[in-house]
file work_16.cif (mmCIF, C-alpha atoms)
data_structure
#
loop_
_atom_site.label_atom_id
_atom_site.label_comp_id
_atom_site.auth_asym_id
_atom_site.auth_seq_id
_atom_site.Cartn_x
_atom_site.Cartn_y
_atom_site.Cartn_z
CA VAL A 1 -46.18 -14.76 -18.27
CA LYS A 2 -44.62 -12.56 -15.60
CA ILE A 3 -41.07 -11.19 -15.93
CA ARG A 4 -39.49 -10.74 -12.50
CA PRO A 5 -36.09 -10.79 -10.76
CA ALA A 6 -35.20 -14.31 -9.69
CA ALA A 7 -35.29 -15.40 -6.06
CA LYS A 8 -32.94 -17.93 -4.42
CA GLU A 9 -35.74 -20.48 -4.61
CA ASP A 10 -35.69 -20.30 -8.41
CA CYS A 11 -32.16 -21.72 -8.69
CA LYS A 12 -33.23 -25.35 -9.20
CA GLN A 13 -35.46 -24.45 -12.13
CA ILE A 14 -32.83 -22.06 -13.50
CA ARG A 15 -30.26 -24.86 -13.43
CA GLU A 16 -32.63 -26.97 -15.55
CA LEU A 17 -33.12 -24.18 -18.05
CA ILE A 18 -29.32 -23.75 -18.23
CA GLN A 19 -29.15 -27.43 -19.17
CA GLU A 20 -31.83 -27.00 -21.85
CA LEU A 21 -29.88 -24.08 -23.36
CA ALA A 22 -26.65 -26.13 -23.39
CA ASP A 23 -28.52 -28.97 -25.12
CA TYR A 24 -29.76 -26.47 -27.74
CA GLU A 25 -26.16 -25.22 -28.17
CA LYS A 26 -25.14 -28.86 -28.82
CA MET A 27 -22.87 -28.87 -25.75
CA PRO A 28 -24.90 -30.87 -23.16
CA ASP A 29 -21.83 -31.61 -21.03
CA GLY A 30 -21.02 -27.92 -20.74
CA PRO A 31 -22.79 -26.99 -17.48
CA LYS A 32 -20.76 -28.21 -14.50
CA ILE A 33 -22.23 -26.01 -11.77
CA THR A 34 -25.10 -26.91 -9.44
CA ALA A 35 -28.20 -25.11 -8.19
CA GLU A 36 -26.30 -24.63 -4.90
CA ASP A 37 -23.48 -22.85 -6.75
CA LEU A 38 -26.06 -20.52 -8.28
CA GLU A 39 -27.53 -19.79 -4.84
CA LYS A 40 -24.12 -19.03 -3.38
CA ASP A 41 -22.82 -16.96 -6.29
CA GLY A 42 -25.99 -15.04 -7.14
CA PHE A 43 -27.65 -14.53 -3.79
CA GLY A 44 -24.76 -14.22 -1.35
CA ASP A 45 -22.88 -11.19 -0.04
CA GLN A 46 -20.97 -10.67 -3.27
CA LYS A 47 -23.21 -11.15 -6.27
CA PHE A 48 -21.42 -12.53 -9.32
CA PHE A 49 -24.56 -12.35 -11.46
CA TYR A 50 -28.21 -11.28 -11.59
CA THR A 51 -31.15 -13.09 -13.16
CA HIS A 52 -34.64 -12.31 -14.36
CA VAL A 53 -37.10 -15.09 -15.04
CA ALA A 54 -40.26 -15.60 -17.11
CA ASP A 55 -42.77 -17.10 -14.69
CA LEU A 56 -45.94 -18.82 -15.99
CA ASP A 57 -48.03 -20.01 -13.02
CA SER A 58 -44.89 -20.68 -10.94
CA LYS A 59 -43.24 -22.60 -13.77
CA LEU A 60 -40.17 -20.89 -15.21
CA VAL A 61 -40.35 -20.90 -19.00
CA GLY A 62 -37.34 -18.68 -19.63
CA PHE A 63 -34.54 -16.76 -17.97
CA VAL A 64 -31.82 -14.22 -18.58
CA LEU A 65 -28.56 -14.14 -16.59
CA PHE A 66 -26.37 -11.04 -16.64
CA PHE A 67 -23.65 -9.13 -14.79
CA TYR A 68 -21.98 -5.74 -14.92
CA THR A 69 -18.72 -5.28 -16.77
CA TYR A 70 -16.47 -2.37 -17.68
CA SER A 71 -15.22 -0.80 -20.86
CA THR A 72 -12.14 1.39 -20.59
CA TRP A 73 -13.66 3.30 -23.52
CA GLU A 74 -17.26 3.79 -22.46
CA GLY A 75 -17.44 2.84 -18.79
CA LYS A 76 -20.11 0.70 -17.16
CA SER A 77 -21.62 -2.02 -19.34
CA VAL A 78 -23.89 -5.00 -18.92
CA TYR A 79 -23.08 -8.46 -20.22
CA MET A 80 -25.88 -10.84 -21.03
CA GLU A 81 -24.47 -14.32 -20.38
CA ASP A 82 -27.55 -16.47 -21.05
CA LEU A 83 -30.93 -15.76 -22.61
CA TYR A 84 -33.27 -18.70 -23.06
CA VAL A 85 -36.97 -19.37 -23.63
CA GLN A 86 -38.38 -22.89 -23.85
CA PRO A 87 -39.32 -23.87 -27.45
CA GLU A 88 -43.08 -24.06 -26.81
CA HIS A 89 -43.08 -20.50 -25.45
CA ARG A 90 -41.13 -18.86 -28.25
CA GLY A 91 -42.46 -16.39 -30.80
CA LYS A 92 -44.55 -14.57 -28.18
CA GLY A 93 -42.06 -11.89 -27.20
CA VAL A 94 -40.94 -13.53 -23.95
CA GLY A 95 -37.27 -13.40 -24.94
CA THR A 96 -37.55 -9.77 -25.91
CA LYS A 97 -39.25 -8.94 -22.58
CA LEU A 98 -36.42 -10.70 -20.70
CA TRP A 99 -33.75 -8.90 -22.75
CA LYS A 100 -35.55 -5.57 -22.29
CA SER A 101 -35.59 -6.08 -18.52
CA VAL A 102 -31.80 -6.47 -18.53
CA VAL A 103 -31.31 -3.39 -20.69
CA SER A 104 -33.62 -1.41 -18.44
CA ALA A 105 -31.72 -2.45 -15.30
CA ALA A 106 -28.47 -1.60 -17.07
CA LEU A 107 -29.63 1.88 -18.13
CA ASP A 108 -30.74 2.54 -14.52
CA THR A 109 -27.21 1.62 -13.42
CA GLY A 110 -25.70 4.03 -15.93
CA CYS A 111 -24.50 1.50 -18.49
CA SER A 112 -23.80 2.48 -22.07
CA ARG A 113 -23.35 -0.96 -23.59
CA CYS A 114 -25.03 -4.36 -23.59
CA ASN A 115 -22.67 -7.11 -24.77
CA PHE A 116 -23.24 -10.80 -25.40
CA GLN A 117 -22.02 -13.66 -27.57
CA VAL A 118 -23.76 -15.97 -29.98
CA LEU A 119 -22.56 -19.09 -31.78
CA ASP A 120 -21.81 -18.54 -35.44
CA TRP A 121 -24.18 -21.29 -36.63
CA ASN A 122 -27.16 -20.00 -34.61
CA LYS A 123 -28.89 -18.18 -37.50
CA PRO A 124 -32.31 -17.64 -35.87
CA SER A 125 -30.68 -15.92 -32.89
CA ILE A 126 -28.22 -13.92 -35.01
CA GLU A 127 -31.06 -12.57 -37.11
CA TYR A 128 -33.17 -11.80 -34.04
CA TYR A 129 -30.32 -9.89 -32.35
CA LYS A 130 -29.66 -7.89 -35.51
CA ARG A 131 -33.37 -7.02 -35.87
CA GLN A 132 -33.20 -5.60 -32.34
CA GLY A 133 -30.31 -3.37 -33.40
CA ALA A 134 -27.30 -5.30 -32.14
CA VAL A 135 -24.05 -5.31 -34.10
CA ASP A 136 -21.78 -8.30 -34.81
CA LEU A 137 -18.44 -6.93 -33.58
CA SER A 138 -16.53 -10.00 -34.60
CA ALA A 139 -17.44 -9.16 -38.18
CA ALA A 140 -17.28 -5.37 -37.83
CA GLU A 141 -14.15 -5.01 -35.69
CA GLY A 142 -12.42 -8.40 -35.74
CA TRP A 143 -12.65 -9.39 -32.08
CA LEU A 144 -11.73 -12.98 -31.19
CA SER A 145 -12.66 -14.52 -27.85
CA PHE A 146 -9.84 -16.12 -25.92
CA ARG A 147 -9.86 -18.18 -22.77
CA LEU A 148 -7.47 -19.63 -20.20
CA HIS A 149 -9.05 -22.62 -18.47
CA LYS A 150 -8.43 -23.32 -14.81
CA GLU A 151 -5.60 -25.76 -15.53
CA GLN A 152 -3.72 -23.14 -17.50
CA MET A 153 -4.47 -20.49 -14.85
CA VAL A 154 -2.93 -22.67 -12.13
CA LYS A 155 0.05 -23.47 -14.36
CA MET A 156 0.59 -19.79 -14.99
CA VAL A 157 0.68 -18.65 -11.37
CA GLN A 158 2.94 -21.54 -10.44
CA SER A 159 5.50 -20.76 -13.13
CA MET B 1 16.81 -0.77 -19.71
CA SER B 2 17.48 0.83 -16.34
CA GLY B 3 14.90 0.80 -13.61
CA MET B 4 13.78 -2.82 -13.99
CA GLU B 5 15.13 -3.61 -10.53
CA LYS B 6 12.75 -0.94 -9.21
CA LEU B 7 9.73 -2.50 -10.93
CA VAL B 8 6.72 -2.88 -8.65
CA ILE B 9 3.55 -4.72 -9.62
CA ARG B 10 0.73 -3.68 -7.31
CA GLU B 11 -2.99 -3.06 -7.16
CA GLY B 12 -4.06 0.23 -8.72
CA LYS B 13 -5.11 3.08 -6.40
CA LYS B 14 -7.44 6.05 -6.84
CA GLU B 15 -4.39 8.26 -7.32
CA ASP B 16 -3.26 6.18 -10.31
CA CYS B 17 -6.34 6.99 -12.39
CA THR B 18 -4.85 9.92 -14.29
CA GLN B 19 -1.88 7.82 -15.42
CA ILE B 20 -4.15 4.81 -16.11
CA ARG B 21 -6.28 7.03 -18.36
CA GLY B 22 -3.07 7.95 -20.22
CA LEU B 23 -2.19 4.28 -20.72
CA ILE B 24 -5.77 3.48 -21.86
CA GLN B 25 -5.24 6.11 -24.57
CA GLU B 26 -1.91 4.57 -25.61
CA LEU B 27 -3.55 1.15 -25.92
CA ALA B 28 -6.38 2.60 -28.04
CA ASP B 29 -3.76 4.28 -30.28
CA TYR B 30 -2.02 0.89 -30.65
CA GLU B 31 -5.38 -0.70 -31.55
CA LYS B 32 -5.75 1.98 -34.27
CA THR B 33 -8.85 3.42 -32.62
CA PRO B 34 -7.60 6.62 -30.90
CA ASP B 35 -11.11 8.07 -30.58
CA GLY B 36 -12.37 5.00 -28.73
CA PRO B 37 -11.85 6.05 -25.09
CA LYS B 38 -14.58 8.45 -24.04
CA ILE B 39 -14.32 8.24 -20.27
CA SER B 40 -12.25 10.47 -18.01
CA ALA B 41 -9.92 9.77 -15.09
CA ASP B 42 -12.74 11.01 -12.83
CA THR B 43 -15.09 8.35 -14.21
CA LEU B 44 -12.44 5.72 -13.49
CA ILE B 45 -12.18 6.97 -9.90
CA GLN B 46 -15.96 6.89 -9.48
CA ASP B 47 -16.49 3.47 -11.08
CA GLY B 48 -13.42 1.67 -9.73
CA PHE B 49 -13.01 3.10 -6.27
CA GLY B 50 -16.53 3.97 -5.18
CA GLU B 51 -19.11 2.02 -3.21
CA LYS B 52 -19.68 -0.52 -5.95
CA GLN B 53 -16.49 -1.40 -7.80
CA PHE B 54 -17.10 -2.09 -11.46
CA PHE B 55 -13.48 -3.06 -12.12
CA HIS B 56 -10.09 -3.72 -10.50
CA THR B 57 -6.59 -2.93 -11.69
CA PHE B 58 -2.98 -3.93 -11.33
CA VAL B 59 -0.25 -1.51 -12.34
CA ALA B 60 3.45 -1.82 -13.23
CA GLU B 61 5.33 1.05 -11.63
CA ILE B 62 8.95 2.20 -11.95
CA ASP B 63 9.86 5.25 -9.83
CA SER B 64 6.25 6.46 -9.58
CA LYS B 65 5.77 6.21 -13.33
CA LEU B 66 3.22 3.65 -14.51
CA VAL B 67 4.60 1.70 -17.47
CA GLY B 68 1.77 -0.80 -17.76
CA PHE B 69 -1.58 -1.88 -16.36
CA SER B 70 -4.21 -4.60 -16.45
CA LEU B 71 -7.89 -3.94 -15.82
CA TYR B 72 -10.30 -6.75 -14.97
CA PHE B 73 -13.63 -7.63 -13.37
CA TYR B 74 -15.51 -10.71 -12.26
CA ALA B 75 -17.89 -12.45 -14.60
CA TYR B 76 -20.01 -15.58 -14.54
CA SER B 77 -20.35 -18.69 -16.64
CA THR B 78 -23.55 -20.69 -16.28
CA TRP B 79 -21.36 -23.68 -17.14
CA GLU B 80 -18.36 -23.22 -14.88
CA GLY B 81 -19.29 -20.54 -12.40
CA ARG B 82 -17.11 -17.62 -11.38
CA ALA B 83 -14.80 -16.25 -14.02
CA VAL B 84 -12.41 -13.34 -14.31
CA TYR B 85 -12.44 -11.16 -17.41
CA MET B 86 -9.33 -9.25 -18.42
CA GLU B 87 -10.57 -6.12 -20.21
CA ASP B 88 -7.24 -4.36 -20.88
CA ILE B 89 -3.60 -5.35 -20.60
CA TYR B 90 -0.96 -2.94 -21.80
CA VAL B 91 2.79 -2.34 -21.41
CA GLN B 92 4.50 0.67 -22.97
CA PRO B 93 6.66 -0.28 -26.00
CA ASP B 94 9.97 0.62 -24.30
CA TYR B 95 9.22 -1.80 -21.48
CA ARG B 96 8.10 -4.81 -23.46
CA GLY B 97 9.93 -8.13 -23.74
CA LYS B 98 10.87 -8.13 -20.05
CA GLY B 99 7.99 -10.11 -18.62
CA ILE B 100 6.03 -7.14 -17.29
CA GLY B 101 2.88 -8.05 -19.23
CA THR B 102 3.08 -11.61 -17.96
CA LYS B 103 3.46 -10.37 -14.38
CA LEU B 104 0.37 -8.17 -14.81
CA TRP B 105 -1.63 -11.05 -16.33
CA LYS B 106 -0.46 -13.43 -13.60
CA SER B 107 -1.71 -10.96 -10.99
CA VAL B 108 -5.16 -10.98 -12.56
CA VAL B 109 -5.19 -14.77 -12.79
CA GLY B 110 -3.99 -15.02 -9.16
CA ALA B 111 -6.77 -12.70 -8.00
CA GLY B 112 -9.25 -14.76 -9.99
CA LEU B 113 -8.11 -18.07 -8.51
CA ALA B 114 -8.30 -16.56 -5.01
CA GLN B 115 -11.97 -15.73 -5.71
CA GLY B 116 -12.67 -19.27 -6.90
CA CYS B 117 -12.70 -18.50 -10.60
CA THR B 118 -12.26 -21.32 -13.11
CA ARG B 119 -11.84 -19.21 -16.23
CA CYS B 120 -9.93 -16.17 -17.37
CA ASN B 121 -11.52 -14.69 -20.52
CA PHE B 122 -10.44 -11.82 -22.74
CA GLN B 123 -10.63 -10.67 -26.35
CA VAL B 124 -7.99 -9.80 -28.90
CA LEU B 125 -8.22 -8.22 -32.34
CA ASN B 126 -7.77 -10.69 -35.17
CA TRP B 127 -4.91 -8.72 -36.79
CA ASN B 128 -2.89 -8.47 -33.57
CA ALA B 129 -0.54 -11.37 -34.37
CA PRO B 130 2.12 -10.63 -31.70
CA SER B 131 -0.50 -10.65 -28.94
CA ILE B 132 -2.30 -13.71 -30.33
CA ASP B 133 0.98 -15.63 -30.40
CA TYR B 134 1.84 -14.50 -26.87
CA TYR B 135 -1.56 -15.51 -25.46
CA LYS B 136 -1.36 -18.93 -27.12
CA ARG B 137 2.18 -19.45 -25.76
CA GLN B 138 0.75 -18.86 -22.28
CA GLY B 139 -1.81 -21.61 -22.85
CA ALA B 140 -4.89 -19.61 -23.86
CA THR B 141 -7.32 -21.00 -26.45
CA ASP B 142 -8.96 -19.05 -29.26
CA ILE B 143 -12.57 -20.03 -28.57
CA SER B 144 -13.86 -18.02 -31.53
CA GLU B 145 -12.00 -20.55 -33.64
CA SER B 146 -12.62 -23.68 -31.61
CA GLU B 147 -16.24 -23.04 -30.61
CA GLY B 148 -17.50 -20.37 -33.03
CA TRP B 149 -18.36 -17.54 -30.64
CA LEU B 150 -19.17 -14.14 -32.18
CA ALA B 151 -19.16 -10.96 -30.08
CA PHE B 152 -22.33 -8.87 -30.35
CA ARG B 153 -23.12 -5.44 -28.96
CA MET B 154 -26.02 -3.06 -28.57
CA THR B 155 -25.40 0.54 -27.64
#

call {"tool": "encode", "arguments": {"input": "work_16.cif", "output": "structure tokens"}}
result
Amino acid sequence: VKIRPAAKEDCKQIRELIQELADYEKMPDGPKITAEDLEKDGFGDQKFFYTHVADLDSKLVGFVLFFYTYSTWEGKSVYMEDLYVQPEHRGKGVGTKLWKSVVSAALDTGCSRCNFQVLDWNKPSIEYYKRQGAVDLSAAEGWLSFRLHKEQMVKMVQS
Amino acid sequence: MSGMEKLVIREGKKEDCTQIRGLIQELADYEKTPDGPKISADTLIQDGFGEKQFFHTFVAEIDSKLVGFSLYFYAYSTWEGRAVYMEDIYVQPDYRGKGIGTKLWKSVVGAGLAQGCTRCNFQVLNWNAPSIDYYKRQGATDISESEGWLAFRMT
């Protein structure tokens, strides 16, 4: 398995892996974007995200999608949006290699934090993240995630 | 409160960074974590106004004094595409209740919509009832509650 930055040509396979992750998260109707959206948003002039993939003989068996964020306390940070390895390729360190590649890129960029979210029922992942030294800030500090969906965004600017 | 007619909401500039750093401190004090902010005004200048911009800001200004700010950046959802993330929003206590915070938030949302974003995400501390109520009144959903998301971090 080779860990490498994704190329535009990987977007179709990445879109499929995104679907597999949503299925695992029990929200199969979640992903609304297309492979074309990924090409435009990740490989255009302004990059909204970066990806690394786990490539096994040209078949992608895992991916990690991330972008740079900012903390008014500690400065540049990296946010890991998706991390996924296909079931049959788990337990071999592929996920850890993908995560490490993000952390490495982030440290090169001068980041001091790596943030991500996990669903509260996802015990295997929670335990894995904690073993790698990550802290549950929802428990430790009481952070709740809030969201305005597009409908509410439009309503807000029109009011 | 005098001065409201002179209120200007505008994009933050390099020259605002010293005052923005002061407001970041006030927000950390409010959040009961005064030792949180470790970065300087110079770091803000470098990271927000350099070649690669790691964040953007809007400020609320009355007679050259900044009374509030919002700091945001662009994010991505593998489900819905481009998103905007509001990292900080703060209005000084004396200037609250007059819609300044809403104007700052609206500016962020407007910038997000202009970039094709379909989500505006942010976090709030679970004890901060006034802010939670305010965000819900504006139509935001607590997705920790509805979907079970936990925030994790590695330093």

call {"tool": "closest_atom_pairs", "arguments": {"input": "work_16.cif", "of": "chain A", "to": "chain B", "cutoff": "6 Å", "atoms": "all atoms listed in the file", "output": "CSV"}}
result
residue,atom,partner,partner_atom,distance
A:Gly30,CA,B:Trp79,CA,5.6
A:Pro31,CA,B:Trp79,CA,3.6
A:Lys32,CA,B:Trp79,CA,5.3
A:Ile33,CA,B:Glu80,CA,5.7
A:Trp73,CA,B:Pro37,CA,3.6
A:Glu74,CA,B:Lys38,CA,5.6
A:Arg113,CA,B:Thr155,CA,4.8
A:Cys114,CA,B:Met154,CA,5.2
A:Asn115,CA,B:Arg153,CA,4.5
A:Phe116,CA,B:Phe152,CA,5.4
A:Gln117,CA,B:Ala151,CA,4.7
A:Val118,CA,B:Leu150,CA,5.4
A:Leu119,CA,B:Trp149,CA,4.6
A:Asp120,CA,B:Gly148,CA,5.3
A:Ala134,CA,B:Met154,CA,4.4
A:Val135,CA,B:Arg153,CA,5.2
A:Asp136,CA,B:Phe152,CA,4.5
A:Leu137,CA,B:Ala151,CA,5.4
A:Ser138,CA,B:Ala151,CA,5.3
A:Gly142,CA,B:Asn126,CA,5.2
A:Trp143,CA,B:Leu125,CA,4.6
A:Leu144,CA,B:Val124,CA,5.4
A:Ser145,CA,B:Gln123,CA,4.6
A:Phe146,CA,B:Asp142,CA,4.5
A:Arg147,CA,B:Asn121,CA,4.5
A:Leu148,CA,B:Ala140,CA,4.5
A:His149,CA,B:Arg119,CA,4.9
A:Lys150,CA,B:Thr118,CA,4.6
A:Gln152,CA,B:Gly139,CA,5.9
A:Val157,CA,B:Lys106,CA,5.8

call {"tool": "write_last_selection", "arguments": {"input": "work_16.cif", "atoms": "C-alpha atoms", "output": "mmCIF file, in the coordinates of the input"}}
result
data_model
loop_
_atom_site.group_PDB
_atom_site.id
_atom_site.type_symbol
_atom_site.label_atom_id
_atom_site.label_comp_id
_atom_site.auth_asym_id
_atom_site.auth_seq_id
_atom_site.Cartn_x
_atom_site.Cartn_y
_atom_site.Cartn_z
ATOM 1 C CA GLY A 30 -21.020 -27.920 -20.740
ATOM 2 C CA PRO A 31 -22.790 -26.990 -17.480
ATOM 3 C CA LYS A 32 -20.760 -28.210 -14.500
ATOM 4 C CA ILE A 33 -22.230 -26.010 -11.770
ATOM 5 C CA TRP A 73 -13.660 3.300 -23.520
ATOM 6 C CA GLU A 74 -17.260 3.790 -22.460
ATOM 7 C CA ARG A 113 -23.350 -0.960 -23.590
ATOM 8 C CA CYS A 114 -25.030 -4.360 -23.590
ATOM 9 C CA ASN A 115 -22.670 -7.110 -24.770
ATOM 10 C CA PHE A 116 -23.240 -10.800 -25.400
ATOM 11 C CA GLN A 117 -22.020 -13.660 -27.570
ATOM 12 C CA VAL A 118 -23.760 -15.970 -29.980
ATOM 13 C CA LEU A 119 -22.560 -19.090 -31.780
ATOM 14 C CA ASP A 120 -21.810 -18.540 -35.440
ATOM 15 C CA ALA A 134 -27.300 -5.300 -32.140
ATOM 16 C CA VAL A 135 -24.050 -5.310 -34.100
ATOM 17 C CA ASP A 136 -21.780 -8.300 -34.810
ATOM 18 C CA LEU A 137 -18.440 -6.930 -33.580
ATOM 19 C CA SER A 138 -16.530 -10.000 -34.600
ATOM 20 C CA GLY A 142 -12.420 -8.400 -35.740
ATOM 21 C CA TRP A 143 -12.650 -9.390 -32.080
ATOM 22 C CA LEU A 144 -11.730 -12.980 -31.190
ATOM 23 C CA SER A 145 -12.660 -14.520 -27.850
ATOM 24 C CA PHE A 146 -9.840 -16.120 -25.920
ATOM 25 C CA ARG A 147 -9.860 -18.180 -22.770
ATOM 26 C CA LEU A 148 -7.470 -19.630 -20.200
ATOM 27 C CA HIS A 149 -9.050 -22.620 -18.470
ATOM 28 C CA LYS A 150 -8.430 -23.320 -14.810
ATOM 29 C CA GLN A 152 -3.720 -23.140 -17.500
ATOM 30 C CA VAL A 157 0.680 -18.650 -11.370
#

call {"tool": "atom_distance", "arguments": {"input": "work_16.cif", "atom1": "atom CA of B:Leu23", "atom2": "atom CA of B:Gly50"}}
result
21.1 Å

call {"tool": "resolve_selection", "arguments": {"input": "work_16.cif", "expression": "the PyMOL selection byres ((chain A and resi 39) around 12)", "output": "list in words"}}
result
Ala6, Ala7, Lys8, Glu9, Asp10, Cys11, Lys12, Gln13, Ile14, Arg15, Ile33, Thr34, Ala35, Glu36, Asp37, Leu38, Lys40, Asp41, Gly42, Phe43, Gly44, Asp45, Gln46, Lys47, Phe48, Phe49, Tyr50 and Thr51 of chain A; Gly81 of chain B

call {"tool": "resolve_selection", "arguments": {"input": "work_16.cif", "expression": "the PyMOL selection byres ((chain B and resi 19) around 12)", "output": "VMD selection string"}}
result
chain B and resid 12 to 18 20 to 26 40 to 42 44 to 45 59 to 61 64 to 69

call {"tool": "resolve_selection", "arguments": {"input": "work_16.cif", "expression": "the PyMOL selection byres ((chain B and resi 96) around 12)", "output": "list of chain:residue names"}}
result
B:Met1, B:Met4, B:Ala60, B:Val67, B:Gly68, B:Tyr90, B:Val91, B:Gln92, B:Pro93, B:Asp94, B:Tyr95, B:Gly97, B:Lys98, B:Gly99, B:Ile100, B:Gly101, B:Thr102, B:Lys103, B:Pro130, B:Ser131

call {"tool": "atom_distance", "arguments": {"input": "work_16.cif", "atom1": "atom CA of B:Asp133", "atom2": "atom CA of B:Glu5"}}
result
27.2 Å

call {"tool": "closest_residue", "arguments": {"input": "work_16.cif", "among": "A:Ala139, A:Ala22, A:Leu98, A:Leu65", "to": "A:Val1", "atoms": "only C-alpha atoms"}}
result
A:Leu98

call {"tool": "axis_aligned_box", "arguments": {"input": "work_16.cif", "around": "stretch 37-49 of chain B", "padding_each_side": "6 Å", "output": "AutoDock Vina command-line options"}}
result
--center_x -13.2 --center_y 6.3 --center_z -15.7 --size_x 18.6 --size_y 21.3 --size_z 30.8

call {"tool": "atom_distance", "arguments": {"input": "work_16.cif", "atom1": "atom CA of A:Ile3", "atom2": "atom CA of A:His52"}}
result
6.7 Å

call {"tool": "closest_residue", "arguments": {"input": "work_16.cif", "among": "A:Tyr128, A:Phe63, A:Trp121, A:Tyr24", "to": "A:Lys97", "atoms": "all atoms listed in the file"}}
result
A:Phe63

call {"tool": "closest_residue", "arguments": {"input": "work_16.cif", "among": "A:Pro124, A:Gly62, A:Gly75, A:Gly110", "to": "A:Val94", "atoms": "all atoms listed in the file"}}
result
A:Gly62

call {"tool": "build_atoms", "arguments": {"input": "work_16.cif", "residues": "stretch 77-91 of chain A", "atoms": "N, CA, C and O atoms", "output": "mmCIF file, keeping the file's coordinate frame"}}
result
data_model
loop_
_atom_site.group_PDB
_atom_site.id
_atom_site.type_symbol
_atom_site.label_atom_id
_atom_site.label_comp_id
_atom_site.auth_asym_id
_atom_site.auth_seq_id
_atom_site.Cartn_x
_atom_site.Cartn_y
_atom_site.Cartn_z
ATOM 1 N N SER A 77 -20.899 -1.274 -18.303
ATOM 2 C CA SER A 77 -21.620 -2.020 -19.340
ATOM 3 C C SER A 77 -22.323 -3.191 -18.683
ATOM 4 O O SER A 77 -22.039 -3.524 -17.537
ATOM 5 N N VAL A 78 -23.253 -3.792 -19.427
ATOM 6 C CA VAL A 78 -23.890 -5.000 -18.920
ATOM 7 C C VAL A 78 -23.576 -6.113 -19.905
ATOM 8 O O VAL A 78 -23.494 -5.890 -21.119
ATOM 9 N N TYR A 79 -23.339 -7.299 -19.383
ATOM 10 C CA TYR A 79 -23.080 -8.460 -20.220
ATOM 11 C C TYR A 79 -24.178 -9.480 -20.012
ATOM 12 O O TYR A 79 -24.448 -9.894 -18.880
ATOM 13 N N MET A 80 -24.808 -9.854 -21.092
ATOM 14 C CA MET A 80 -25.880 -10.840 -21.030
ATOM 15 C C MET A 80 -25.259 -12.203 -21.291
ATOM 16 O O MET A 80 -24.856 -12.494 -22.421
ATOM 17 N N GLU A 81 -25.156 -13.030 -20.262
ATOM 18 C CA GLU A 81 -24.470 -14.320 -20.380
ATOM 19 C C GLU A 81 -25.363 -15.392 -20.986
ATOM 20 O O GLU A 81 -24.938 -16.146 -21.843
ATOM 21 N N ASP A 82 -26.606 -15.473 -20.519
ATOM 22 C CA ASP A 82 -27.550 -16.470 -21.050
ATOM 23 C C ASP A 82 -28.909 -15.826 -21.255
ATOM 24 O O ASP A 82 -29.365 -15.058 -20.397
ATOM 25 N N LEU A 83 -29.545 -16.161 -22.347
ATOM 26 C CA LEU A 83 -30.930 -15.760 -22.610
ATOM 27 C C LEU A 83 -31.593 -16.981 -23.215
ATOM 28 O O LEU A 83 -31.116 -17.511 -24.226
ATOM 29 N N TYR A 84 -32.655 -17.460 -22.584
ATOM 30 C CA TYR A 84 -33.270 -18.700 -23.060
ATOM 31 C C TYR A 84 -34.765 -18.715 -22.777
ATOM 32 O O TYR A 84 -35.201 -18.328 -21.687
ATOM 33 N N VAL A 85 -35.527 -19.162 -23.771
ATOM 34 C CA VAL A 85 -36.970 -19.370 -23.630
ATOM 35 C C VAL A 85 -37.266 -20.768 -24.141
ATOM 36 O O VAL A 85 -36.762 -21.167 -25.208
ATOM 37 N N GLN A 86 -38.060 -21.530 -23.415
ATOM 38 C CA GLN A 86 -38.380 -22.890 -23.850
ATOM 39 C C GLN A 86 -39.077 -22.854 -25.210
ATOM 40 O O GLN A 86 -39.858 -21.942 -25.493
ATOM 41 N N PRO A 87 -38.798 -23.854 -26.072
ATOM 42 C CA PRO A 87 -39.320 -23.870 -27.450
ATOM 43 C C PRO A 87 -40.825 -23.582 -27.548
ATOM 44 O O PRO A 87 -41.239 -22.789 -28.386
ATOM 45 N N GLU A 88 -41.626 -24.216 -26.694
ATOM 46 C CA GLU A 88 -43.080 -24.060 -26.810
ATOM 47 C C GLU A 88 -43.575 -22.664 -26.427
ATOM 48 O O GLU A 88 -44.721 -22.319 -26.667
ATOM 49 N N HIS A 89 -42.679 -21.855 -25.838
ATOM 50 C CA HIS A 89 -43.080 -20.500 -25.450
ATOM 51 C C HIS A 89 -42.425 -19.427 -26.299
ATOM 52 O O HIS A 89 -42.490 -18.241 -25.969
ATOM 53 N N ARG A 90 -41.789 -19.835 -27.384
ATOM 54 C CA ARG A 90 -41.130 -18.860 -28.250
ATOM 55 C C ARG A 90 -42.114 -18.175 -29.182
ATOM 56 O O ARG A 90 -43.266 -18.581 -29.313
ATOM 57 N N GLY A 91 -41.642 -17.120 -29.827
ATOM 58 C CA GLY A 91 -42.460 -16.390 -30.800
ATOM 59 C C GLY A 91 -43.549 -15.546 -30.181
ATOM 60 O O GLY A 91 -44.447 -15.063 -30.861
#
